[in-house]
Structures are given as structure tokens and as C-alpha cells.
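Enquirer: So here's model07.cif (mmCIF, C-alpha atoms and all ligand atoms).
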```cif
data_input
#
loop_
_atom_site.label_atom_id
_atom_site.label_comp_id
_atom_site.auth_asym_id
_atom_site.auth_seq_id
_atom_site.Cartn_x
_atom_site.Cartn_y
_atom_site.Cartn_z
CA MET A 1 -91.61 37.41 -33.28
CA GLU A 2 -90.83 38.99 -29.91
CA ALA A 3 -88.81 42.19 -30.49
CA VAL A 4 -85.71 42.03 -28.29
CA VAL A 5 -83.61 44.86 -29.73
CA VAL A 6 -85.44 47.89 -31.12
CA ALA A 7 -84.15 51.12 -32.60
CA ASP A 8 -86.70 53.80 -33.39
CA GLU A 9 -85.48 56.71 -35.51
CA LEU A 10 -82.12 56.85 -33.73
CA GLN A 11 -80.10 59.96 -34.47
CA ARG A 12 -76.58 60.85 -33.43
CA SER A 13 -74.43 63.65 -34.84
CA TYR A 14 -70.83 64.56 -34.26
CA GLY A 15 -70.39 68.14 -35.42
CA ASP A 16 -71.51 68.19 -39.04
CA THR A 17 -71.44 64.40 -39.33
CA ASP A 18 -74.73 62.55 -39.05
CA ALA A 19 -73.40 59.24 -37.75
CA LEU A 20 -77.00 58.06 -37.36
CA ALA A 21 -79.61 59.87 -39.43
CA GLY A 22 -82.79 58.22 -38.12
CA VAL A 23 -82.20 54.47 -37.94
CA SER A 24 -85.06 52.11 -37.14
CA LEU A 25 -84.85 48.34 -36.82
CA SER A 26 -86.26 45.53 -34.77
CA ILE A 27 -84.47 42.27 -33.98
CA GLY A 28 -86.41 39.25 -32.77
CA ARG A 29 -85.53 36.62 -30.18
CA GLY A 30 -82.98 34.13 -31.48
CA GLU A 31 -82.38 36.20 -34.60
CA VAL A 32 -78.91 37.06 -35.90
CA PHE A 33 -78.85 40.53 -37.44
CA ALA A 34 -75.68 41.35 -39.37
CA LEU A 35 -74.91 45.00 -39.91
CA ILE A 36 -72.67 45.84 -42.86
CA GLY A 37 -71.56 49.10 -44.43
CA PRO A 38 -68.52 51.14 -45.42
CA ASN A 39 -66.07 52.59 -42.92
CA GLY A 40 -67.68 55.51 -41.15
CA ALA A 41 -71.22 54.39 -42.06
CA GLY A 42 -72.36 54.53 -38.43
CA LYS A 43 -72.26 50.86 -37.40
CA THR A 44 -70.30 51.36 -34.19
CA THR A 45 -72.39 54.41 -33.33
CA LEU A 46 -75.54 52.31 -33.70
CA VAL A 47 -74.04 49.56 -31.54
CA ARG A 48 -73.12 52.13 -28.93
CA ALA A 49 -76.56 53.74 -28.98
CA LEU A 50 -78.16 50.32 -28.52
CA THR A 51 -75.88 49.34 -25.66
CA GLY A 52 -75.98 52.58 -23.72
CA THR A 53 -72.43 53.79 -24.36
CA THR A 54 -73.54 56.80 -26.33
CA VAL A 55 -76.65 58.88 -25.85
CA PRO A 56 -78.59 59.50 -29.06
CA ASP A 57 -79.62 63.04 -30.02
CA GLY A 58 -83.00 61.77 -31.11
CA GLY A 59 -85.12 58.66 -31.31
CA SER A 60 -85.11 55.82 -28.83
CA ALA A 61 -83.77 52.34 -28.23
CA ARG A 62 -85.09 49.34 -26.31
CA VAL A 63 -83.22 46.19 -25.35
CA LEU A 64 -85.17 43.40 -23.67
CA GLY A 65 -87.96 45.91 -23.10
CA ASN A 66 -85.77 48.46 -21.31
CA SER A 67 -83.72 51.47 -22.29
CA PRO A 68 -80.09 50.49 -22.95
CA GLU A 69 -79.00 52.33 -19.80
CA THR A 70 -81.29 50.35 -17.50
CA VAL A 71 -81.26 46.90 -19.12
CA ASP A 72 -80.20 44.05 -16.84
CA ARG A 73 -76.46 43.75 -17.59
CA ASP A 74 -76.54 40.07 -16.60
CA ARG A 75 -78.59 39.46 -19.75
CA LEU A 76 -76.39 41.41 -22.14
CA GLY A 77 -73.00 40.61 -23.69
CA VAL A 78 -71.19 43.38 -25.58
CA LEU A 79 -67.95 43.23 -27.54
CA PRO A 80 -66.80 46.76 -28.43
CA GLN A 81 -64.77 47.13 -31.62
CA ASP A 82 -61.76 48.48 -29.71
CA PHE A 83 -62.01 46.27 -26.63
CA SER A 84 -58.62 46.03 -24.96
CA PRO A 85 -58.61 44.02 -21.72
CA PRO A 86 -55.75 44.00 -19.18
CA ASP A 87 -52.97 41.99 -20.84
CA ARG A 88 -50.98 40.81 -17.82
CA LEU A 89 -53.47 38.02 -17.15
CA THR A 90 -53.69 34.57 -18.64
CA ALA A 91 -56.62 33.84 -20.92
CA ARG A 92 -58.27 31.83 -18.13
CA GLU A 93 -57.65 34.54 -15.50
CA LEU A 94 -59.08 37.13 -17.83
CA LEU A 95 -62.29 35.20 -18.34
CA ALA A 96 -62.46 34.47 -14.59
CA TYR A 97 -62.05 38.22 -13.95
CA TYR A 98 -65.02 39.10 -16.15
CA ALA A 99 -67.00 36.10 -14.87
CA GLY A 100 -66.52 37.50 -11.35
CA LEU A 101 -68.64 40.51 -12.29
CA TYR A 102 -71.76 38.34 -12.51
CA GLU A 103 -73.77 36.41 -9.95
CA GLU A 104 -74.07 33.17 -11.86
CA PRO A 105 -71.13 33.05 -14.24
CA ARG A 106 -70.13 30.25 -16.55
CA ASP A 107 -66.99 28.18 -16.05
CA PRO A 108 -64.11 30.06 -17.75
CA ASP A 109 -62.70 26.80 -19.13
CA ALA A 110 -66.02 26.04 -20.82
CA VAL A 111 -65.94 29.50 -22.39
CA LEU A 112 -62.34 28.96 -23.54
CA ALA A 113 -63.46 25.74 -25.22
CA ASP A 114 -66.36 27.60 -26.87
CA VAL A 115 -63.97 29.99 -28.60
CA GLY A 116 -61.54 27.23 -29.57
CA LEU A 117 -58.85 28.14 -27.04
CA ALA A 118 -59.03 25.22 -24.61
CA ASP A 119 -55.24 24.81 -24.84
CA ALA A 120 -54.39 28.48 -24.35
CA GLY A 121 -55.81 29.00 -20.86
CA ASP A 122 -52.38 29.43 -19.24
CA THR A 123 -51.01 31.83 -21.85
CA TRP A 124 -50.78 35.48 -20.95
CA TYR A 125 -53.17 37.58 -22.97
CA GLU A 126 -50.30 39.71 -24.28
CA ASN A 127 -48.57 36.59 -25.64
CA LEU A 128 -51.58 35.38 -27.59
CA SER A 129 -51.72 36.12 -31.32
CA GLY A 130 -54.01 38.92 -32.45
CA GLY A 131 -56.67 36.48 -33.60
CA GLN A 132 -56.45 34.47 -30.36
CA GLN A 133 -56.79 37.69 -28.37
CA ARG A 134 -59.93 38.58 -30.32
CA ARG A 135 -61.35 35.14 -29.55
CA VAL A 136 -60.72 35.65 -25.84
CA CYS A 137 -62.48 39.00 -26.17
CA VAL A 138 -65.46 37.22 -27.73
CA GLY A 139 -65.27 34.84 -24.76
CA THR A 140 -65.58 37.71 -22.28
CA THR A 141 -69.04 38.44 -23.69
CA LEU A 142 -70.18 34.89 -22.98
CA VAL A 143 -69.25 34.52 -19.30
CA ASN A 144 -72.73 35.65 -18.17
CA ASP A 145 -74.57 33.43 -20.68
CA PRO A 146 -76.35 36.50 -22.14
CA ASP A 147 -79.75 36.60 -23.82
CA VAL A 148 -78.57 39.37 -26.12
CA LEU A 149 -75.14 39.46 -27.71
CA VAL A 150 -73.81 42.55 -29.45
CA LEU A 151 -70.55 41.98 -31.29
CA ASP A 152 -68.79 44.83 -33.08
CA GLU A 153 -66.53 43.19 -35.70
CA PRO A 154 -66.05 39.98 -33.68
CA THR A 155 -63.84 38.14 -36.17
CA THR A 156 -61.51 40.91 -37.36
CA GLY A 157 -57.99 39.49 -37.37
CA ILE A 158 -59.11 35.90 -36.76
CA ASP A 159 -57.83 33.25 -39.20
CA PRO A 160 -60.31 31.29 -41.36
CA ALA A 161 -60.47 28.25 -39.06
CA GLY A 162 -60.90 30.40 -35.95
CA ARG A 163 -63.52 32.44 -37.74
CA ARG A 164 -65.50 29.30 -38.42
CA THR A 165 -65.25 28.38 -34.74
CA VAL A 166 -66.81 31.74 -33.88
CA TRP A 167 -69.45 31.32 -36.61
CA ARG A 168 -70.50 27.91 -35.28
CA LEU A 169 -70.61 29.36 -31.78
CA VAL A 170 -72.88 32.23 -32.87
CA GLU A 171 -75.11 29.78 -34.75
CA SER A 172 -75.48 27.48 -31.76
CA LEU A 173 -76.18 30.40 -29.42
CA ALA A 174 -78.87 31.72 -31.78
CA ASP A 175 -80.36 28.22 -32.08
CA ALA A 176 -80.64 28.21 -28.29
CA GLY A 177 -82.51 31.54 -28.37
CA THR A 178 -79.77 34.16 -27.98
CA THR A 179 -80.43 37.33 -29.98
CA VAL A 180 -77.32 38.51 -31.82
CA LEU A 181 -76.45 41.85 -33.40
CA LEU A 182 -73.06 41.85 -35.08
CA THR A 183 -71.20 44.18 -37.38
CA THR A 184 -68.80 42.92 -39.99
CA HIS A 185 -66.85 43.82 -43.11
CA ASP A 186 -66.77 40.13 -44.03
CA MET A 187 -69.59 39.53 -46.51
CA ALA A 188 -69.23 35.74 -46.20
CA GLU A 189 -69.76 36.14 -42.47
CA ALA A 190 -72.84 38.32 -42.94
CA GLN A 191 -74.24 35.96 -45.57
CA ARG A 192 -73.68 32.86 -43.44
CA LEU A 193 -74.70 34.19 -40.03
CA GLY A 194 -77.27 36.84 -40.77
CA ASP A 195 -80.89 35.75 -40.62
CA ARG A 196 -81.24 39.32 -41.82
CA VAL A 197 -78.61 41.73 -43.02
CA GLY A 198 -78.82 45.51 -42.80
CA LEU A 199 -76.68 47.80 -44.93
CA LEU A 200 -75.87 51.09 -43.27
CA ALA A 201 -74.50 53.96 -45.36
CA ASP A 202 -74.02 57.56 -44.27
CA GLY A 203 -75.98 56.91 -41.08
CA GLU A 204 -79.00 55.45 -42.89
CA LEU A 205 -80.16 51.87 -43.07
CA ILE A 206 -80.57 51.70 -46.83
CA ALA A 207 -81.43 48.01 -47.20
CA VAL A 208 -82.62 45.27 -44.85
CA GLY A 209 -83.55 41.70 -45.66
CA THR A 210 -82.46 38.11 -45.65
CA PRO A 211 -79.24 37.62 -47.62
CA GLU A 212 -81.30 35.89 -50.33
CA GLU A 213 -83.76 38.79 -50.55
CA LEU A 214 -80.97 41.34 -50.80
CA VAL A 215 -79.15 39.37 -53.49
CA THR A 216 -82.34 38.90 -55.52
CA THR A 217 -83.32 42.55 -55.24
CA HIS A 218 -79.99 44.30 -55.63
CA ALA A 219 -77.28 42.04 -57.05
CA GLY A 220 -78.65 41.20 -60.48
CA SER A 221 -78.38 37.83 -62.12
CA SER A 222 -75.69 35.20 -62.46
CA ARG A 223 -73.05 36.18 -64.96
CA LEU A 224 -70.30 34.85 -67.15
CA THR A 225 -67.19 37.00 -67.39
CA VAL A 226 -65.11 36.68 -70.55
CA GLU A 227 -61.68 38.30 -70.66
CA ILE A 228 -60.73 39.28 -74.21
CA PRO A 229 -57.41 40.91 -75.14
CA THR A 230 -57.97 44.39 -76.57
CA PRO A 231 -57.42 44.33 -80.35
CA ASP A 232 -54.30 46.52 -80.11
CA ALA A 233 -52.90 45.21 -76.80
CA ASP A 234 -49.58 44.22 -78.44
CA THR A 235 -49.07 47.22 -80.72
CA ARG A 236 -50.41 50.18 -78.75
CA ALA A 237 -48.00 52.68 -77.16
CA ASP A 238 -48.34 52.88 -73.36
CA ALA A 239 -49.69 56.44 -73.47
CA ASP A 240 -52.44 55.62 -75.98
CA PRO A 241 -55.88 54.64 -74.74
CA PRO A 242 -56.80 51.03 -75.52
CA THR A 243 -59.15 50.28 -78.37
CA PRO A 244 -62.17 48.62 -76.83
CA VAL A 245 -63.61 45.41 -78.10
CA ASP A 246 -66.56 46.35 -80.30
CA PRO A 247 -69.82 45.43 -78.53
CA ALA A 248 -71.38 44.90 -81.96
CA THR A 249 -69.27 41.74 -82.10
CA PHE A 250 -71.67 40.27 -79.56
CA ALA A 251 -74.88 41.58 -81.10
CA ASP A 252 -76.06 38.07 -81.99
CA LEU A 253 -75.51 36.73 -78.48
CA GLU A 254 -78.92 36.18 -76.91
CA TYR A 255 -77.96 37.56 -73.48
CA PRO A 256 -77.58 41.13 -72.21
CA ILE A 257 -73.92 42.10 -71.98
CA ASP A 258 -71.71 44.83 -70.57
CA VAL A 259 -68.27 45.57 -72.00
CA ARG A 260 -65.59 47.22 -69.93
CA THR A 261 -62.14 47.90 -71.25
CA ASN A 262 -58.87 48.43 -69.45
CA ALA A 263 -55.28 48.53 -70.65
CA GLU A 264 -54.82 44.93 -71.76
CA THR A 265 -58.22 43.33 -71.85
CA SER A 266 -61.88 43.94 -72.43
CA THR A 267 -64.15 42.31 -69.91
CA VAL A 268 -67.37 41.13 -71.44
CA VAL A 269 -69.98 40.39 -68.77
CA VAL A 270 -72.71 38.12 -70.07
CA ARG A 271 -75.69 38.42 -67.74
CA GLU A 272 -78.70 36.24 -66.96
CA ILE A 273 -76.90 33.07 -67.94
CA SER A 274 -77.11 29.70 -66.20
CA PRO A 275 -74.12 27.33 -65.92
CA THR A 276 -75.70 24.95 -68.44
CA GLU A 277 -75.72 27.72 -71.05
CA ILE A 278 -72.00 28.49 -70.85
CA ALA A 279 -71.23 26.10 -73.73
CA SER A 280 -73.34 28.18 -76.11
CA VAL A 281 -71.16 31.22 -75.40
CA VAL A 282 -67.98 29.18 -75.92
CA THR A 283 -69.36 27.98 -79.26
CA PHE A 284 -70.25 31.58 -80.17
CA LEU A 285 -66.69 32.74 -79.43
CA ASP A 286 -65.08 29.81 -81.24
CA GLU A 287 -67.22 30.19 -84.36
CA ARG A 288 -66.19 33.83 -84.65
CA GLU A 289 -62.57 33.06 -83.73
CA ILE A 290 -62.72 35.51 -80.84
CA GLU A 291 -59.68 34.93 -78.67
CA TYR A 292 -60.29 34.92 -74.91
CA THR A 293 -57.97 34.42 -71.96
CA GLU A 294 -60.43 33.60 -69.20
CA LEU A 295 -64.02 32.52 -68.64
CA ALA A 296 -65.57 32.67 -65.16
CA TRP A 297 -69.18 32.11 -64.12
CA ALA A 298 -70.44 33.51 -60.84
CA GLU A 299 -73.65 33.55 -58.86
CA PRO A 300 -74.21 37.02 -57.36
CA ASP A 301 -73.73 37.20 -53.61
CA LEU A 302 -73.87 39.66 -50.75
CA GLU A 303 -70.59 41.25 -51.84
CA ASP A 304 -72.29 42.25 -55.11
CA VAL A 305 -75.16 43.74 -53.10
CA TYR A 306 -72.69 45.67 -50.98
CA LEU A 307 -70.75 47.00 -53.95
CA GLU A 308 -73.90 47.89 -55.83
CA LEU A 309 -75.57 49.78 -52.98
CA ALA A 310 -72.38 51.34 -51.64
CA ASP A 311 -71.70 52.54 -55.18
CA GLU A 312 -75.18 54.06 -55.48
CA THR A 313 -74.63 55.87 -52.19
CA GLU A 314 -71.25 57.11 -53.36
CA VAL A 315 -72.82 58.38 -56.60
CA ALA A 316 -75.63 60.09 -54.69
CA ARG A 317 -73.13 61.82 -52.42
CA THR A 318 -70.31 62.71 -54.81
CA GLY A 319 -71.75 62.30 -58.30
CA ARG A 320 -69.04 59.72 -59.02
CA ALA A 321 -69.08 55.95 -58.96
CA GLY A 322 -66.93 54.31 -56.32
CA GLY A 323 -66.09 51.14 -58.26
CA GLY A 324 -69.02 48.78 -58.13
CA THR A 325 -69.73 45.58 -60.06
CA GLY A 326 -70.75 47.15 -63.34
CA ALA A 327 -74.04 45.29 -63.11
CA THR A 328 -75.96 48.51 -63.58
CA MET A 329 -74.12 49.61 -66.69
CA ALA A 330 -76.32 50.04 -69.73
CA GLU A 331 -76.45 47.02 -71.94
CA THR A 332 -73.65 46.89 -74.50
CA GLU A 333 -72.26 50.16 -73.18
CA VAL A 334 -68.55 50.72 -73.67
CA ALA A 335 -67.19 52.48 -70.63
CA ASP A 336 -64.70 55.28 -71.18
CA PRO A 337 -61.55 53.94 -69.46
CA ASN A 338 -60.67 57.42 -68.24
CA GLU A 339 -64.12 58.30 -66.94
CA GLY A 340 -64.13 58.99 -63.23
CA ARG A 341 -60.33 58.98 -62.97
CA GLU A 342 -58.81 61.51 -60.71
CA SER A 343 -55.42 63.03 -61.23
CA PRO A 344 -52.79 61.52 -58.92
N1 LIG A 401 -66.65 60.13 -30.82
C1 LIG A 401 -66.73 60.62 -32.04
N2 LIG A 401 -66.37 61.89 -32.29
C2 LIG A 401 -66.45 62.42 -33.53
N3 LIG A 401 -66.89 61.73 -34.60
C3 LIG A 401 -67.25 60.45 -34.42
C4 LIG A 401 -67.19 59.84 -33.13
N4 LIG A 401 -67.63 58.56 -33.28
C5 LIG A 401 -67.94 58.40 -34.56
N5 LIG A 401 -67.71 59.53 -35.25
C6 LIG A 401 -67.96 59.73 -36.69
O1 LIG A 401 -69.23 59.20 -36.98
C7 LIG A 401 -69.22 58.51 -38.22
C8 LIG A 401 -69.63 57.07 -38.02
O2 LIG A 401 -68.59 56.40 -37.29
P1 LIG A 401 -68.72 54.89 -36.85
O3 LIG A 401 -67.52 54.57 -36.03
O4 LIG A 401 -70.05 54.68 -36.23
O5 LIG A 401 -68.67 54.13 -38.26
P2 LIG A 401 -68.49 52.59 -38.58
O6 LIG A 401 -69.52 52.25 -39.58
O7 LIG A 401 -68.49 51.79 -37.32
O8 LIG A 401 -67.06 52.56 -39.24
P3 LIG A 401 -65.94 51.40 -39.31
O9 LIG A 401 -66.46 50.38 -40.29
O10 LIG A 401 -64.74 52.10 -39.85
O11 LIG A 401 -65.75 50.86 -37.93
C9 LIG A 401 -67.81 58.67 -38.77
O12 LIG A 401 -67.79 59.76 -39.66
C10 LIG A 401 -66.97 58.97 -37.54
O13 LIG A 401 -65.85 59.76 -37.85
#
```
Could you take the file, read its structure, and then write that structure out as C-alpha cells?
Expert:
Amino acid sequence: MEAVVVADELQRSYGDTDALAGVSLSIGRGEVFALIGPNGAGKTTLVRALTGTTVPDGGSARVLGNSPETVDRDRLGVLPQDFSPPDRLTARELLAYYAGLYEEPRDPDAVLADVGLADAGDTWYENLSGGQQRRVCVGTTLVNDPDVLVLDEPTTGIDPAGRRTVWRLVESLADAGTTVLLTTHDMAEAQRLGDRVGLLADGELIAVGTPEELVTTHAGSSRLTVEIPTPDADTRADADPPTPVDPATFADLEYPIDVRTNAETSTVVVREISPTEIASVVTFLDEREIEYTELAWAEPDLEDVYLELADETEVARTGRAGGGTGATMAETEVADPNEGRESP
């Protein structure tokens, strides 16, 4: 696949902070690459290094075969995270303004329709809702019909229907050959749009793959969550720690389990279980007269990947877990409810 966007060992530091600690990636023509990662991971810095708005301290970047500073701007569309256009223009005037910067621009009304704002052309930008404003901002990146689109958190603040409009737009652009790099905190967005997803943490790209590959490698198996009231939930004084459900209770269950206990309930996570096997667990609970308040089965998804890997990074950096899925807990381990708590 033709490499359209390339980062080779990009480094960028701000004081003691390594915003990019040697990031390499290659994005092919027509590919959508979704970049995810915690706040401060370096996503915006990477976007800026790839679009020529920050100069890396080390490494190199290529976009359409050129350095980001010299790439043909007619072929590039960039939405910065903090983009704030002049607000005393209507949505149509705003798009016409940006269209005027290019030799062969698209019709602003066609762009408005693309972002689902065909009826808002005469509304001043400042009077649009936050989500509508963000959609106009996405529109400004499309006026030159770019070959490469870089979108830093394009759907932040956009309602679910508007978000889907943007998703369909990105999908159709990629189908037509546009290369897209986007950042997002929305795992559903990354999972749906990303041909590949990259997880950035502390300036390092710690995992890259298709959403399916990442889920298979990092998110564990499907699981059934059973909420069980702690044995002393009704009688225990508030200050006393809860008595956990005894994992030995589940010794005869033929699946690996984790047990986590909080104030009112123990959460028993039954792993590696398919939906057709749920009935056997219900029978197991009923036969032993184990009371439960909730049963929920879930397929792991990109959010589990994110929590798992972000947690590992947090542990590596601080020695403490940051609150992941629990999927890595030892089998039948009872977690100390006070472990990892910090004083207020
Ligand atoms: N201009 C700057 N001056 C000083 N520090 C900066 C600057 N830009 C970024 N940083 C730091 O670099 C690190 C990475 O920031 P960056 O904005 O790239 O993260 P991000 O992944 O985009 O975060 P978010 O998800 O919150 O947008 C952070 O620690 C941030 O404080």
C-alpha cells in the first residue's frame, strides 16, 4: 500500500515532558488511522508534527512524499483540536471564506450538506450550537477536496446523530481514496472508523492494529458479570470493610473467574464464556441458592483494550493501577477493596 503519511522516530519534548518519544507509523492511501490515548499522551503533538505546525526535535515526517512544511496545501485538510474560526460570519460565508484560499474549491453549499448542515447556511457561526460549530469546522477541511485529511478530535461535542453524519462522511471519503488520520476519545468512533487504531501513551505508540487485532490481543475474552450482594451487606456498619464473597463458592464452575468486592456487592466476572453457555451459570447459581442482582454478558471491545493498556502504562509509570477492567487479575483472586486507595 502506498505510504501517504509517514512518521519516522518522531520526537518532541517540552521541558521535561517527552510529548513524542520516538513515534513511527505509516498510513496508506485511503486508510483511516484512528489515534487514541489518554489526555496528554501526545496525540495533538503528533498531529502537529505531521502537519507542520510544530517542528520535531528528532526524527522525520513525510506527507504525500514531502516534508509537512512543503507539502502542497491544496491536497491537505487539517482540523486542529482548538480551531476557532471568525464567528461573525454565517456558516456559508465561513466555508466560502476558506474555499477562497484555494484555486479549485468546492461549492460551500455542497460542503454544508456533507456535514449535515444544509439548513444552517444563513446562521451566524456564533449562533450555531457547539456541535453544529464543530461540524462547520470539519467542513472547512473539505473545501479543497483534500487527498489527506487530519482531524484532531473531529466529533467532540457533536450529538450522536451528527456524529454518525461525520462518520459516514469520513467513510465515504476514505472509500474514494482520501487518507484520514483522526484522533478521538470516543472508542466507538475509533472502532467503527479506524482501519487501524494506534494507542499512544506517554509519547509512545504502544499498540497498533486493526480494532479486531487489538481486541483479540489485549482485551481478553467475552465475559459474564454477576453481581452478588456481599454476605453482610445488610448488617455491616458503614465503617467496616465488606466481607467478600468467597471465591471457593465458585470452585466447581468450569470457567476462570475474578471476584471483586465493593461496599454492597461482589462482582464475579466469569471469563471465556459464550452467550449459549450463560444458562449453565444460572443453573449453577440457582442450585446453590446464590442470590444475584444482575447478570450481564459482554463481548470485549476497544474500550477494554484502552483500559487494559492505559492501566498497564499507569502501573509502569506510577506502580499503581489506574482502574482498568480487571481482566488481568489473577484467577479467583479477591481484591483488597482498600488497595490502591489514596487518602482524600
Ligand atoms: N506548547 C506546549 N508547551 C508545553 N507543553 C506542551 C505543549 N504542547 C503539549 N505539551 C505537553 O505535551 C504533552 C502531550 O500533549 P498533547 O496535547 O500532545 O496530548 P494529547 O494526547 O493531544 O492530549 P488530549 O487528549 O488532552 O488532547 C502534555 O504533557 C502537554 O502538557
Enquirer: Leaving out Val78 of chain A and any residue of its chain fewer than 6 positions from it, which residues lie within 12 Å of it when counting all atoms listed in the file, given as an NGL selection string?
Expert: :A and (44 or 47-48 or 50-53 or 68 or 137-154 or 179-183)
Enquirer: In Å, how far is it from atom C6 of ligand LIG 401 (chain A) to atom CA of Ile158 of chain A?
Expert: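 Computed distance, atom C6 of ligand LIG 401 (chain A) to atom CA of Ile158 of chain A, equals 25.4 Å.
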Enquirer: Looking at all atoms listed in the file, which of A:Ala34, A:Ala91, A:Ala201, A:Val136 is the one that sits closest to ligand LIG 401 (chain A)?
Expert: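 When distances to ligand LIG 401 (chain A) are compared using all atoms listed in the file, the smallest one comes from A:Ala201.
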Enquirer: May I ask you to write as number ranges by chain all residues lying at most 9 Å from ligand LIG 401 (chain A), with only C-alpha atoms and all ligand atoms counted?
Expert: A: 12-15, 17-20, 36-48, 54, 81, 152-153, 183-185, 200-203
Enquirer: Can you tell me, as a PDB file with C-alpha atoms, keeping the file's coordinate frame, what residues are no more than 10 Å from Ser274 of chain A when counting all atoms listed in the file, ignoring any on the same chain fewer than 3 positions away?
Expert:
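That gives us result.pdb:
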```
ATOM      1  CA  SER A 221     -78.380  37.830 -62.120  1.00  0.00           C
ATOM      2  CA  SER A 222     -75.690  35.200 -62.460  1.00  0.00           C
ATOM      3  CA  ARG A 223     -73.050  36.180 -64.960  1.00  0.00           C
ATOM      4  CA  LEU A 224     -70.300  34.850 -67.150  1.00  0.00           C
ATOM      5  CA  ARG A 271     -75.690  38.420 -67.740  1.00  0.00           C
ATOM      6  CA  GLU A 277     -75.720  27.720 -71.050  1.00  0.00           C
ATOM      7  CA  ILE A 278     -72.000  28.490 -70.850  1.00  0.00           C
ATOM      8  CA  TRP A 297     -69.180  32.110 -64.120  1.00  0.00           C
ATOM      9  CA  ALA A 298     -70.440  33.510 -60.840  1.00  0.00           C
ATOM     10  CA  GLU A 299     -73.650  33.550 -58.860  1.00  0.00           C
TER      11      GLU A 299
END
```
Enquirer: Give me, please, the distance in Å between atom CA of Thr225 of chain A and atom CA of Val269 of chain A, quoted to one decimal.
Expert: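 Result for atom CA of Thr225 of chain A versus atom CA of Val269 of chain A: 4.6 Å, one decimal.
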Enquirer: What is the atom CA of Glu189 of chain A-atom CA of Leu295 of chain A distance in Å, reported with one decimal?
Expert: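 Computing the Euclidean distance for atom CA of Glu189 of chain A and atom CA of Leu295 of chain A yields 27.0 Å.
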Enquirer: Counting only C-alpha atoms, figure out which residue out of A:Ala113, A:Thr216, A:Ala296, A:Ala161 gets nearest to Pro275 of chain A.
Expert: A:Ala296
Enquirer: Could you list as a list in words every residue that has an atom within 9 Å of (-80.0, 42.8, -50.1), using the file's coordinates and counting all atoms listed in the file?
Expert: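 Looking at atoms near the point gives Val197, Gly198, Leu199, Ala207, Val208, Gly209, Thr210, Pro211, Glu212, Glu213, Leu214, Val215, Thr216, Thr217, His218, Ala219, Leu302, Val305, Tyr306 and Leu309 of chain A.
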Enquirer: When you count only C-alpha atoms, which of these residues is closest to Arg75 of chain A: A:Ala96, A:Val4, A:Ala239, A:Val170?
Expert: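 Between A:Ala96, A:Val4, A:Ala239, A:Val170, the residue approaching Arg75 of chain A most closely is A:Val4.
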Enquirer: Give the answer as one residue: which of A:Asp82, A:Glu294, A:Asp8, A:Asp286 has the shortest atom-to-atom distance to Ser266 of chain A, using only C-alpha atoms?
Expert: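 For Ser266 of chain A, the nearest of the given residues is A:Glu294.
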Enquirer: Ranking A:Val23, A:Arg135, A:Pro108, A:Val71 by minimum distance to Phe83 of chain A and counting all atoms listed in the file, which one comes first?
Expert: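 Checking each candidate against Phe83 of chain A, we get A:Arg135 as the closest.
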Enquirer: Name the closest residue to Gln132 of chain A among the candidates A:Met1, A:Val282, A:Val166, A:Ala110; distances are taken between atoms, counting all atoms listed in the file.
Expert: A:Val166
Enquirer: What lies within 10 Å of Asn127 of chain A using all atoms listed in the file, ignoring chain neighbours under 3 positions off, as a count of residues only?
Expert: 10
